[in-house]
file protein35.tsv (TSV, C-alpha atoms and all ligand atoms)
chain	number	residue	atom	x	y	z
S	476	MET	CA	9.24	14.49	29.55
S	477	GLN	CA	11.65	14.45	26.61
S	478	THR	CA	13.69	11.33	25.89
S	479	VAL	CA	17.23	11.78	24.62
S	480	VAL	CA	19.27	8.80	23.39
S	481	ILE	CA	23.02	9.42	23.10
S	482	THR	CA	25.55	6.90	21.81
S	483	GLY	CA	28.94	7.71	23.26
S	484	GLY	CA	26.96	9.41	26.02
S	485	THR	CA	29.46	8.46	28.71
S	486	ASP	CA	32.42	10.60	27.67
S	487	GLY	CA	33.37	13.76	25.81
S	488	LEU	CA	30.68	15.57	23.84
S	489	GLY	CA	28.07	12.88	24.37
S	490	LYS	CA	28.52	13.03	28.14
S	491	GLY	CA	28.39	16.83	28.03
S	492	LEU	CA	25.04	16.63	26.24
S	493	ALA	CA	23.79	13.90	28.59
S	494	LEU	CA	24.46	16.07	31.64
S	495	HIS	CA	22.97	19.11	29.91
S	496	TYR	CA	19.69	17.33	29.19
S	497	LEU	CA	19.57	15.72	32.64
S	498	ARG	CA	19.83	19.24	34.12
S	499	GLN	CA	17.02	20.32	31.76
S	500	GLY	CA	14.69	17.62	33.13
S	501	ALA	CA	14.88	15.14	30.24
S	502	ARG	CA	15.23	11.39	30.47
S	503	VAL	CA	18.63	10.43	29.06
S	504	LEU	CA	19.69	7.01	27.78
S	505	ALA	CA	23.48	7.07	27.45
S	506	VAL	CA	25.23	4.30	25.55
S	507	GLY	CA	28.86	3.29	25.95
S	508	SER	CA	30.96	0.16	26.14
S	509	THR	CA	32.69	0.73	29.51
S	510	PRO	CA	30.61	0.07	32.67
S	511	ALA	CA	32.85	2.30	34.84
S	512	LYS	CA	32.11	5.30	32.60
S	513	GLY	CA	28.40	4.51	32.82
S	514	GLU	CA	28.60	4.36	36.62
S	515	ALA	CA	30.48	7.67	36.69
S	516	LEU	CA	27.73	9.26	34.57
S	517	LEU	CA	25.05	7.94	36.92
S	518	ALA	CA	26.98	9.39	39.88
S	519	ARG	CA	27.01	12.78	38.13
S	520	ALA	CA	23.27	12.39	37.48
S	521	ALA	CA	22.69	11.68	41.17
S	522	ALA	CA	24.57	14.84	42.07
S	523	VAL	CA	22.01	16.89	40.09
S	524	SER	CA	19.06	14.87	41.47
S	525	ALA	CA	18.46	13.24	38.08
S	526	VAL	CA	19.44	9.65	38.70
S	527	ASP	CA	15.84	8.46	38.23
S	528	ARG	CA	15.92	9.93	34.70
S	529	ALA	CA	19.39	8.65	33.74
S	530	VAL	CA	19.91	5.25	32.14
S	531	PHE	CA	23.23	3.72	31.16
S	532	LEU	CA	23.04	1.12	28.42
S	533	GLN	CA	26.18	-0.91	27.91
S	534	ALA	CA	26.74	-1.90	24.30
S	535	ASP	CA	29.74	-2.54	22.12
S	536	LEU	CA	28.60	-0.75	18.99
S	537	THR	CA	31.27	-2.32	16.82
S	538	SER	CA	28.71	-5.14	16.63
S	539	VAL	CA	25.64	-4.86	14.42
S	540	ALA	CA	23.89	-7.43	16.61
S	541	ALA	CA	24.59	-5.26	19.68
S	542	ALA	CA	23.24	-2.18	17.86
S	543	ARG	CA	20.09	-4.14	17.03
S	544	ASP	CA	19.76	-5.32	20.65
S	545	LEU	CA	20.12	-1.71	21.73
S	546	LEU	CA	17.34	-0.71	19.34
S	547	ALA	CA	15.07	-3.35	20.84
S	548	THR	CA	15.89	-2.19	24.37
S	549	VAL	CA	15.19	1.47	23.54
S	550	GLU	CA	11.96	0.62	21.74
S	551	SER	CA	10.73	-1.55	24.61
S	552	THR	CA	11.60	1.14	27.19
S	553	CYS	CA	10.46	4.31	25.42
S	554	SER	CA	7.24	4.93	23.50
S	555	SER	CA	8.93	7.85	21.76
S	556	VAL	CA	12.39	9.35	21.33
S	557	ASP	CA	12.74	13.12	20.95
S	558	LYS	CA	16.46	13.33	20.18
S	559	LEU	CA	18.99	10.79	18.94
S	560	VAL	CA	22.61	11.93	19.19
S	561	LEU	CA	25.27	9.76	17.56
S	562	CYS	CA	28.70	10.27	19.13
S	563	ALA	CA	30.19	6.80	19.66
S	564	GLN	CA	33.63	6.75	18.11
S	565	ARG	CA	37.08	5.35	18.76
S	566	TYR	CA	39.82	6.52	16.42
S	567	ARG	CA	42.22	3.82	15.22
S	568	LEU	CA	44.58	5.90	13.17
S	569	PHE	CA	47.56	3.58	13.50
S	570	GLY	CA	48.19	-0.11	13.60
S	571	SER	CA	46.89	-2.91	11.49
S	572	ARG	CA	43.39	-3.47	10.18
S	573	THR	CA	41.01	-5.12	12.62
S	574	VAL	CA	37.81	-6.86	11.68
S	575	THR	CA	34.78	-7.37	13.91
S	576	THR	CA	33.34	-10.83	14.58
S	577	GLU	CA	30.72	-10.01	11.94
S	578	GLY	CA	33.44	-9.37	9.35
S	579	PHE	CA	33.43	-5.56	9.15
S	580	GLU	CA	36.42	-3.24	9.35
S	581	HIS	CA	36.43	-1.62	12.82
S	582	SER	CA	35.84	2.06	11.89
S	583	PHE	CA	33.22	1.16	9.29
S	584	ALA	CA	31.38	-0.91	11.91
S	585	LEU	CA	31.56	1.42	14.92
S	586	ALA	CA	31.47	4.87	13.38
S	587	TYR	CA	29.16	4.17	10.44
S	588	LEU	CA	27.15	0.91	10.65
S	589	SER	CA	25.97	1.50	14.23
S	590	ARG	CA	24.74	4.97	13.19
S	591	TYR	CA	23.00	3.51	10.13
S	592	VAL	CA	21.22	0.88	12.26
S	593	LEU	CA	20.12	3.39	14.91
S	594	SER	CA	19.14	6.22	12.52
S	595	HIS	CA	16.84	4.01	10.46
S	596	GLY	CA	15.84	1.67	13.29
S	597	LEU	CA	14.63	4.36	15.69
S	598	ARG	CA	12.61	6.17	13.03
S	599	LYS	CA	9.22	5.06	14.34
S	600	ALA	CA	10.04	6.01	17.94
S	601	LEU	CA	11.30	9.38	16.71
S	602	GLU	CA	8.23	9.98	14.54
S	603	SER	CA	6.13	9.68	17.71
S	604	ALA	CA	7.83	12.73	19.24
S	605	PRO	CA	6.58	16.28	18.56
S	606	GLN	CA	9.87	17.69	17.18
S	607	PRO	CA	12.20	14.76	16.49
S	608	VAL	CA	15.84	15.25	15.58
S	609	ILE	CA	18.88	13.11	14.86
S	610	MET	CA	22.32	14.67	15.29
S	611	ASN	CA	25.17	12.70	13.72
S	612	VAL	CA	28.38	14.12	15.17
S	613	GLY	CA	31.40	13.90	12.90
S	614	THR	CA	33.30	16.13	10.53
S	615	PRO	CA	30.98	17.42	7.77
S	616	GLY	CA	32.68	20.18	5.82
S	617	VAL	CA	36.15	18.63	6.09
S	618	PRO	CA	37.28	17.92	2.51
S	619	LEU	CA	39.25	14.79	3.36
S	620	GLY	CA	38.55	11.14	2.74
S	621	ARG	CA	36.22	9.33	0.40
S	622	ILE	CA	34.14	6.22	0.01
S	623	HIS	CA	36.22	3.33	-1.34
S	624	TRP	CA	33.39	1.86	-3.41
S	625	ASP	CA	35.35	-1.15	-4.66
S	626	ASP	CA	36.74	-2.00	-1.21
S	627	LEU	CA	34.42	-0.66	1.52
S	628	GLN	CA	36.07	-2.83	4.16
S	629	LEU	CA	39.51	-1.66	3.02
S	630	ALA	CA	40.71	-5.24	2.82
S	631	ARG	CA	43.19	-4.45	0.06
S	632	ARG	CA	44.42	-0.92	0.87
S	633	TYR	CA	43.98	-0.35	4.58
S	634	SER	CA	45.28	2.55	6.61
S	635	GLY	CA	43.75	3.81	9.86
S	636	PHE	CA	43.45	7.33	8.46
S	637	LYS	CA	41.71	6.09	5.32
S	638	ALA	CA	39.25	4.04	7.39
S	639	THR	CA	38.51	6.90	9.80
S	640	LEU	CA	38.00	9.41	7.00
S	641	GLN	CA	35.83	6.98	5.02
S	642	SER	CA	33.57	6.56	8.07
S	643	PHE	CA	33.17	10.34	8.31
S	644	ARG	CA	32.21	10.67	4.65
S	645	ALA	CA	29.84	7.69	4.97
S	646	ASN	CA	28.05	9.54	7.79
S	647	ASP	CA	27.67	12.66	5.61
S	648	LEU	CA	25.99	10.44	3.01
S	649	LEU	CA	23.89	8.69	5.68
S	650	GLY	CA	22.18	11.98	6.51
S	651	VAL	CA	21.62	12.82	2.84
S	652	ALA	CA	20.14	9.37	2.16
S	653	PHE	CA	17.93	9.47	5.26
S	654	ALA	CA	16.32	12.72	4.11
S	655	ALA	CA	15.98	11.50	0.51
S	656	LEU	CA	14.41	8.19	1.50
S	657	HIS	CA	11.95	9.67	3.98
S	658	ALA	CA	10.55	12.63	2.08
S	659	ASP	CA	7.53	12.96	4.36
S	660	THR	CA	9.35	12.55	7.67
S	661	ARG	CA	9.15	15.13	10.45
S	662	ILE	CA	12.58	14.03	11.66
S	663	ARG	CA	15.31	16.60	11.14
S	664	TYR	CA	18.72	15.05	10.44
S	665	VAL	CA	21.70	17.22	11.33
S	666	GLY	CA	25.28	16.34	10.39
S	667	TYR	CA	27.34	18.18	12.97
S	668	ASN	CA	31.04	19.07	13.16
S	669	PRO	CA	31.87	20.49	16.60
S	670	GLY	CA	35.35	21.75	15.65
S	671	VAL	CA	38.23	20.81	17.90
S	672	VAL	CA	37.00	20.00	21.40
S	673	SER	CA	38.94	18.84	24.43
S	674	THR	CA	37.47	15.39	25.10
S	675	GLY	CA	38.72	11.94	26.09
S	676	MET	CA	39.53	11.21	22.45
S	677	PRO	CA	43.38	11.42	22.78
S	678	ASN	CA	43.40	8.87	25.63
S	679	HIS	CA	43.20	6.10	23.05
S	680	LEU	CA	45.95	7.37	20.76
S	681	PRO	CA	49.46	5.88	20.96
S	682	GLN	CA	52.32	7.93	22.43
S	683	PRO	CA	53.78	10.40	21.53
S	684	LEU	CA	50.67	11.41	19.55
S	685	ARG	CA	48.58	11.21	22.74
S	686	ALA	CA	50.76	13.75	24.55
S	687	LEU	CA	50.97	16.00	21.48
S	688	THR	CA	47.20	15.94	20.93
S	689	LYS	CA	46.54	16.67	24.62
S	690	ALA	CA	49.00	19.57	24.51
S	691	SER	CA	47.38	20.98	21.36
S	692	PHE	CA	43.94	20.57	22.97
S	693	THR	CA	45.13	22.68	25.90
S	694	LEU	CA	46.10	25.43	23.47
S	695	PHE	CA	43.46	25.29	20.76
S	696	ALA	CA	40.46	23.17	21.71
S	697	ALA	CA	37.12	24.39	23.01
S	698	SER	CA	35.87	22.96	26.29
S	699	VAL	CA	33.06	20.41	26.20
S	700	ALA	CA	30.77	22.86	28.03
S	701	LYS	CA	31.36	25.51	25.36
S	702	ALA	CA	31.01	23.05	22.45
S	703	VAL	CA	27.77	21.57	23.75
S	704	ALA	CA	25.89	24.89	23.87
S	705	PRO	CA	25.36	25.32	20.08
S	706	MET	CA	24.62	21.60	19.75
S	707	ALA	CA	21.81	21.90	22.29
S	708	CYS	CA	20.44	24.97	20.45
S	709	LEU	CA	20.18	22.98	17.21
S	710	LEU	CA	18.69	19.99	19.00
S	711	ASP	CA	16.09	22.16	20.71
S	712	GLU	CA	15.23	24.22	17.60
S	713	PRO	CA	16.00	21.93	14.66
S	714	PRO	CA	16.32	23.50	11.20
S	715	GLY	CA	13.38	23.40	8.78
S	716	GLU	CA	15.15	21.30	6.13
S	717	ARG	CA	15.14	17.51	6.45
S	718	PHE	CA	18.96	17.35	6.26
S	719	THR	CA	21.41	20.06	7.21
S	720	ALA	CA	25.11	20.14	8.01
S	721	TYR	CA	26.79	22.46	10.48
S	722	ARG	CA	30.24	23.28	11.69
S	723	ALA	CA	29.63	24.74	15.16
S	724	THR	CA	27.09	27.52	14.51
S	725	ARG	CA	27.74	27.81	10.76
S	726	GLN	CA	25.41	26.04	8.34
S	727	LEU	CA	27.38	24.38	5.57
S	728	PRO	CA	26.44	24.37	1.87
S	729	LEU	CA	25.44	20.86	0.79
S	730	LYS	CA	27.81	20.87	-2.15
S	731	GLY	CA	30.32	18.37	-3.51
S	732	ALA	CA	30.85	14.63	-3.29
S	733	ALA	CA	30.30	14.52	0.48
S	734	PHE	CA	26.61	15.34	0.02
S	735	ASP	CA	25.95	13.80	-3.40
S	736	GLN	CA	22.47	12.25	-3.39
S	737	ALA	CA	23.24	9.52	-5.94
S	738	ASP	CA	26.27	8.44	-3.88
S	739	ALA	CA	24.18	8.62	-0.72
S	740	LEU	CA	21.54	6.28	-2.13
S	741	ARG	CA	24.20	3.98	-3.57
S	742	LEU	CA	25.84	3.66	-0.15
S	743	HIS	CA	22.45	3.19	1.50
S	744	HIS	CA	21.58	0.26	-0.76
S	745	LEU	CA	25.03	-1.32	-0.36
S	746	THR	CA	24.72	-1.00	3.42
S	747	HIS	CA	21.20	-2.40	3.35
S	748	ASP	CA	22.53	-5.50	1.56
S	749	LEU	CA	25.41	-5.84	4.03
S	750	MET	CA	22.92	-5.65	6.91
S	751	ASN	CA	20.78	-8.40	5.39
S	752	ALA	CA	23.79	-10.70	5.50
S	753	VAL	CA	24.28	-10.27	9.29
Y	1	LIG	N1	36.70	15.96	20.06
Y	1	LIG	C1	36.85	16.56	18.90
Y	1	LIG	O1	37.69	17.46	18.73
Y	1	LIG	C2	35.96	16.18	17.73
Y	1	LIG	C3	36.11	16.87	16.52
Y	1	LIG	C4	35.30	16.54	15.44
Y	1	LIG	C5	34.35	15.53	15.56
Y	1	LIG	N2	34.25	14.85	16.74
Y	1	LIG	C6	33.28	13.76	16.81
Y	1	LIG	O2	32.50	13.87	17.99
Y	1	LIG	C7	32.05	12.57	18.40
Y	1	LIG	C8	32.34	12.41	19.89
Y	1	LIG	O3	33.75	12.50	20.05
Y	1	LIG	P1	34.44	12.78	21.46
Y	1	LIG	O4	35.67	13.55	21.18
Y	1	LIG	O5	33.43	13.27	22.43
Y	1	LIG	O6	34.89	11.28	21.84
Y	1	LIG	P2	35.28	10.62	23.24
Y	1	LIG	O7	35.45	11.61	24.33
Y	1	LIG	O8	36.44	9.70	22.95
Y	1	LIG	O9	33.98	9.73	23.57
Y	1	LIG	C9	33.66	8.64	22.74
Y	1	LIG	C10	32.44	7.95	23.27
Y	1	LIG	O10	32.18	6.82	22.41
Y	1	LIG	C11	32.03	5.65	23.22
Y	1	LIG	N3	32.50	4.46	22.50
Y	1	LIG	C12	33.74	4.21	22.01
Y	1	LIG	N4	33.80	2.98	21.50
Y	1	LIG	C13	32.55	2.44	21.67
Y	1	LIG	C14	31.99	1.17	21.36
Y	1	LIG	N5	32.71	0.19	20.77
Y	1	LIG	N6	30.70	0.96	21.67
Y	1	LIG	C15	29.95	1.92	22.27
Y	1	LIG	N7	30.43	3.14	22.59
Y	1	LIG	C16	31.72	3.38	22.29
Y	1	LIG	C17	32.92	5.93	24.44
Y	1	LIG	O11	32.53	5.13	25.56
Y	1	LIG	P3	33.44	3.84	25.97
Y	1	LIG	O12	34.85	4.31	26.03
Y	1	LIG	O13	32.89	3.38	27.25
Y	1	LIG	O14	33.18	2.84	24.90
Y	1	LIG	C18	32.60	7.40	24.70
Y	1	LIG	O15	31.39	7.51	25.41
Y	1	LIG	C19	32.79	11.57	17.52
Y	1	LIG	O16	31.95	11.10	16.50
Y	1	LIG	C20	33.93	12.37	16.92
Y	1	LIG	O17	34.30	11.92	15.65
Y	1	LIG	C21	35.03	15.14	17.82
call {"tool": "encode", "arguments": {"input": "protein35.tsv", "output": "structure tokens", "more": "lines below"}}
Ligand SMILES: NC(=O)c1ccc[n+]([C@@H]2O[C@H](COP(=O)([O-])OP(=O)(O)OC[C@H]3O[C@@H](n4cnc5c(N)ncnc54)[C@H](OP(=O)(O)O)[C@@H]3O)[C@@H](O)[C@H]2O)c1
result
Amino acid sequence: MQTVVITGGTDGLGKGLALHYLRQGARVLAVGSTPAKGEALLARAAAVSAVDRAVFLQADLTSVAAARDLLATVESTCSSVDKLVLCAQRYRLFGSRTVTTEGFEHSFALAYLSRYVLSHGLRKALESAPQPVIMNVGTPGVPLGRIHWDDLQLARRYSGFKATLQSFRANDLLGVAFAALHADTRIRYVGYNPGVVSTGMPNHLPQPLRALTKASFTLFAASVAKAVAPMACLLDEPPGERFTAYRATRQLPLKGAAFDQADALRLHHLTHDLMNAV
């Protein structure tokens, strides 16, 4: 039986993939921070006779310690992991800078550090699977944002947009670095941009942006069911290259600063040092 681990597996795209793989007969470990969403997922699993294969793991992935605890739980429960899907995200586009108890800026911690910890930390469990794949869901191919090398935590020049966009670009580089560092790995790392999809994402935006985003989703966004189909295809038949980036079904050229290998390794080493301090 395949094992699929999905962060943000209790809502939106992650939940769509969780239900897809439960219907396919896989064991799914879905991670989220809200118990009620986990219970709702388990109820949906029961409705498709899959509750014995569905696991909800509560974790607040803004915390590096919680991401490490999650790693330990997954490793002690599963001898191998076939697919790791990284979806946990909470946009904080407005408002003032918030810092986690471990001293990291919120978007950097949740959207990037948790993915760094899980991508590298689950490598052994993934290597034990026949066709292992990591899908890091974000916005590769969007030419916005950059890494603020001299101020990664944006302590001096914070804006929510800057922090969100930096976390996206950091995830592009995470995939590049993973493939560069593990030249002999069988794991395929896919940076994936789903396009605009109608998920629970606007629920956490302030008004009137929430209402506007929901209205635009009604007009322009794909449904979760439609968006999940090409993601599952890539997860089931991963590309041959160690790192690839896609926007929906289109493979993206790995050109420009977003995929620069020297930058990717620089960020990897900086992150490694930050992790040693926690
Ligand atoms: N929707 C789009 O149009 C779109 C477009 C491009 C890229 N993406 C990317 O796709 C991914 C999934 O987005 P989505 O739209 O499906 O989001 P979503 O519906 O808002 O779901 C987000 C998931 O992340 C979990 N999460 C949030 N904060 C967490 C925390 N502190 N710890 C653990 N889990 C946490 C949520 O569970 P809890 O609420 O219980 O914590 C939920 O399961 C994201 O990386 C996003 O950037 C989405």
call {"tool": "closest_atom_pairs", "arguments": {"input": "protein35.tsv", "of": "chain S", "to": "ligand LIG 1 (chain Y)", "cutoff": "6 Å", "atoms": "only C-alpha atoms and all ligand atoms", "output": "tab-separated table"}}
result
residue	atom	partner	partner_atom	distance
S:Gly483	CA	Y:LIG1	O15	3.3
S:Gly484	CA	Y:LIG1	O15	4.9
S:Thr485	CA	Y:LIG1	O15	3.9
S:Asp486	CA	Y:LIG1	O15	4.0
S:Gly487	CA	Y:LIG1	O7	3.3
S:Leu488	CA	Y:LIG1	O5	3.9
S:Gly489	CA	Y:LIG1	O5	5.7
S:Gly507	CA	Y:LIG1	N7	3.7
S:Ser508	CA	Y:LIG1	O14	3.7
S:Thr509	CA	Y:LIG1	O13	3.5
S:Lys512	CA	Y:LIG1	O13	5.7
S:Ala534	CA	Y:LIG1	C15	5.4
S:Asp535	CA	Y:LIG1	N6	3.7
S:Leu536	CA	Y:LIG1	N6	3.8
S:Thr537	CA	Y:LIG1	N5	4.9
S:Cys562	CA	Y:LIG1	C7	4.1
S:Ala563	CA	Y:LIG1	O10	3.4
S:Gln564	CA	Y:LIG1	O10	4.5
S:Arg565	CA	Y:LIG1	C12	4.8
S:Val612	CA	Y:LIG1	O16	4.9
S:Gly613	CA	Y:LIG1	C5	4.3
S:Thr614	CA	Y:LIG1	C5	5.2
S:Asn668	CA	Y:LIG1	C5	5.4
S:Pro669	CA	Y:LIG1	C4	5.4
S:Gly670	CA	Y:LIG1	C3	5.0
S:Val671	CA	Y:LIG1	O1	3.5
S:Val672	CA	Y:LIG1	O1	3.7
S:Ser673	CA	Y:LIG1	N1	5.7
S:Thr674	CA	Y:LIG1	O7	4.4
S:Gly675	CA	Y:LIG1	O7	3.7
S:Met676	CA	Y:LIG1	O8	3.5
call {"tool": "residues_around", "arguments": {"input": "protein35.tsv", "residues": "Phe643 in chain S", "least_positions_apart": "2", "cutoff": "8 Å", "atoms": "only C-alpha atoms", "output": "PDB file with C-alpha atoms, in the frame of the given file"}}
result
ATOM      1  CA  ALA S 586      31.470   4.870  13.380  1.00  0.00           C
ATOM      2  CA  TYR S 587      29.160   4.170  10.440  1.00  0.00           C
ATOM      3  CA  GLY S 613      31.400  13.900  12.900  1.00  0.00           C
ATOM      4  CA  THR S 614      33.300  16.130  10.530  1.00  0.00           C
ATOM      5  CA  PRO S 615      30.980  17.420   7.770  1.00  0.00           C
ATOM      6  CA  GLY S 620      38.550  11.140   2.740  1.00  0.00           C
ATOM      7  CA  THR S 639      38.510   6.900   9.800  1.00  0.00           C
ATOM      8  CA  LEU S 640      38.000   9.410   7.000  1.00  0.00           C
ATOM      9  CA  GLN S 641      35.830   6.980   5.020  1.00  0.00           C
ATOM     10  CA  ALA S 645      29.840   7.690   4.970  1.00  0.00           C
ATOM     11  CA  ASN S 646      28.050   9.540   7.790  1.00  0.00           C
ATOM     12  CA  ASP S 647      27.670  12.660   5.610  1.00  0.00           C
TER      13      ASP S 647
END
call {"tool": "atom_distance", "arguments": {"input": "protein35.tsv", "atom1": "CA of His744 in chain S", "atom2": "CA of Ser551 in chain S"}}
result
27.7 Å
call {"tool": "closest_residue", "arguments": {"input": "protein35.tsv", "among": "S:Val608, S:Val699, S:Leu619, S:Leu629", "to": "Gly666 in chain S", "atoms": "only C-alpha atoms"}}
result
S:Val608
call {"tool": "closest_residue", "arguments": {"input": "protein35.tsv", "among": "S:Gln682, S:Gln736, S:Ser582, S:Thr575", "to": "Leu656 in chain S", "atoms": "all atoms listed in the file"}}
result
S:Gln736
call {"tool": "closest_residue", "arguments": {"input": "protein35.tsv", "among": "S:Ser571, S:Ser554, S:Thr576, S:Ser691", "to": "Tyr633 in chain S", "atoms": "all atoms listed in the file"}}
result
S:Ser571
call {"tool": "atom_distance", "arguments": {"input": "protein35.tsv", "atom1": "CA of Val530 in chain S", "atom2": "CA of Leu593 in chain S"}}
result
17.3 Å
call {"tool": "closest_residue", "arguments": {"input": "protein35.tsv", "among": "S:Ala515, S:Ile662, S:Val592, S:Leu680", "to": "Arg543 in chain S", "atoms": "only C-alpha atoms"}}
result
S:Val592
call {"tool": "residues_around", "arguments": {"input": "protein35.tsv", "residues": "Leu492 in chain S", "least_positions_apart": "3", "cutoff": "12 Å", "atoms": "only C-alpha atoms", "output": "ChimeraX atom specification"}}
result
/S:479-489,495-499,501-505,516,558-562,610,612,699-708,710-711
call {"tool": "closest_residue", "arguments": {"input": "protein35.tsv", "among": "S:Gly635, S:Gly731, S:Arg741, S:Leu568", "to": "His679 in chain S", "atoms": "all atoms listed in the file"}}
result
S:Leu568
call {"tool": "atom_distance", "arguments": {"input": "protein35.tsv", "atom1": "CA of Asp544 in chain S", "atom2": "CA of Val753 in chain S"}}
result
13.2 Å
call {"tool": "residues_around", "arguments": {"input": "protein35.tsv", "residues": "Glu602 in chain S", "least_positions_apart": "2", "cutoff": "9 Å", "atoms": "only C-alpha atoms", "output": "PyMOL selection string"}}
result
chain S and resi 555-557+597-600+604-607+660-662
call {"tool": "closest_residue", "arguments": {"input": "protein35.tsv", "among": "S:Thr552, S:Ser524, S:Asn611, S:Ser589", "to": "Val539 in chain S", "atoms": "all atoms listed in the file"}}
result
S:Ser589
call {"tool": "decode", "arguments": {"input": "protein35.tsv", "residues": "range 499-524 of chain S", "atoms": "C-alpha atoms", "output": "mmCIF file, in the first residue's frame"}}
result
data_model
loop_
_atom_site.group_PDB
_atom_site.id
_atom_site.type_symbol
_atom_site.label_atom_id
_atom_site.label_comp_id
_atom_site.auth_asym_id
_atom_site.auth_seq_id
_atom_site.Cartn_x
_atom_site.Cartn_y
_atom_site.Cartn_z
ATOM 1 C CA GLN S 499 -7.175 5.049 -4.742
ATOM 2 C CA GLY S 500 -6.449 2.761 -1.765
ATOM 3 C CA ALA S 501 -3.399 4.580 -0.343
ATOM 4 C CA ARG S 502 -2.681 5.325 3.281
ATOM 5 C CA VAL S 503 -2.814 9.097 3.761
ATOM 6 C CA LEU S 504 -1.255 11.096 6.596
ATOM 7 C CA ALA S 505 -2.777 14.576 6.473
ATOM 8 C CA VAL S 506 -1.206 17.367 8.502
ATOM 9 C CA GLY S 507 -2.952 20.543 9.618
ATOM 10 C CA SER S 508 -3.188 22.767 12.662
ATOM 11 C CA THR S 509 -6.980 22.702 13.221
ATOM 12 C CA PRO S 510 -8.450 19.557 14.844
ATOM 13 C CA ALA S 511 -11.958 20.246 13.459
ATOM 14 C CA LYS S 512 -10.608 20.156 9.891
ATOM 15 C CA GLY S 513 -8.825 16.892 10.675
ATOM 16 C CA GLU S 514 -12.043 15.399 12.043
ATOM 17 C CA ALA S 515 -13.945 16.551 8.948
ATOM 18 C CA LEU S 516 -11.349 14.843 6.736
ATOM 19 C CA LEU S 517 -11.663 11.614 8.721
ATOM 20 C CA ALA S 518 -15.455 11.790 8.317
ATOM 21 C CA ARG S 519 -14.993 12.113 4.547
ATOM 22 C CA ALA S 520 -12.586 9.149 4.676
ATOM 23 C CA ALA S 521 -15.189 7.096 6.533
ATOM 24 C CA ALA S 522 -17.737 7.907 3.843
ATOM 25 C CA VAL S 523 -15.480 6.234 1.248
ATOM 26 C CA SER S 524 -14.659 3.295 3.575
#
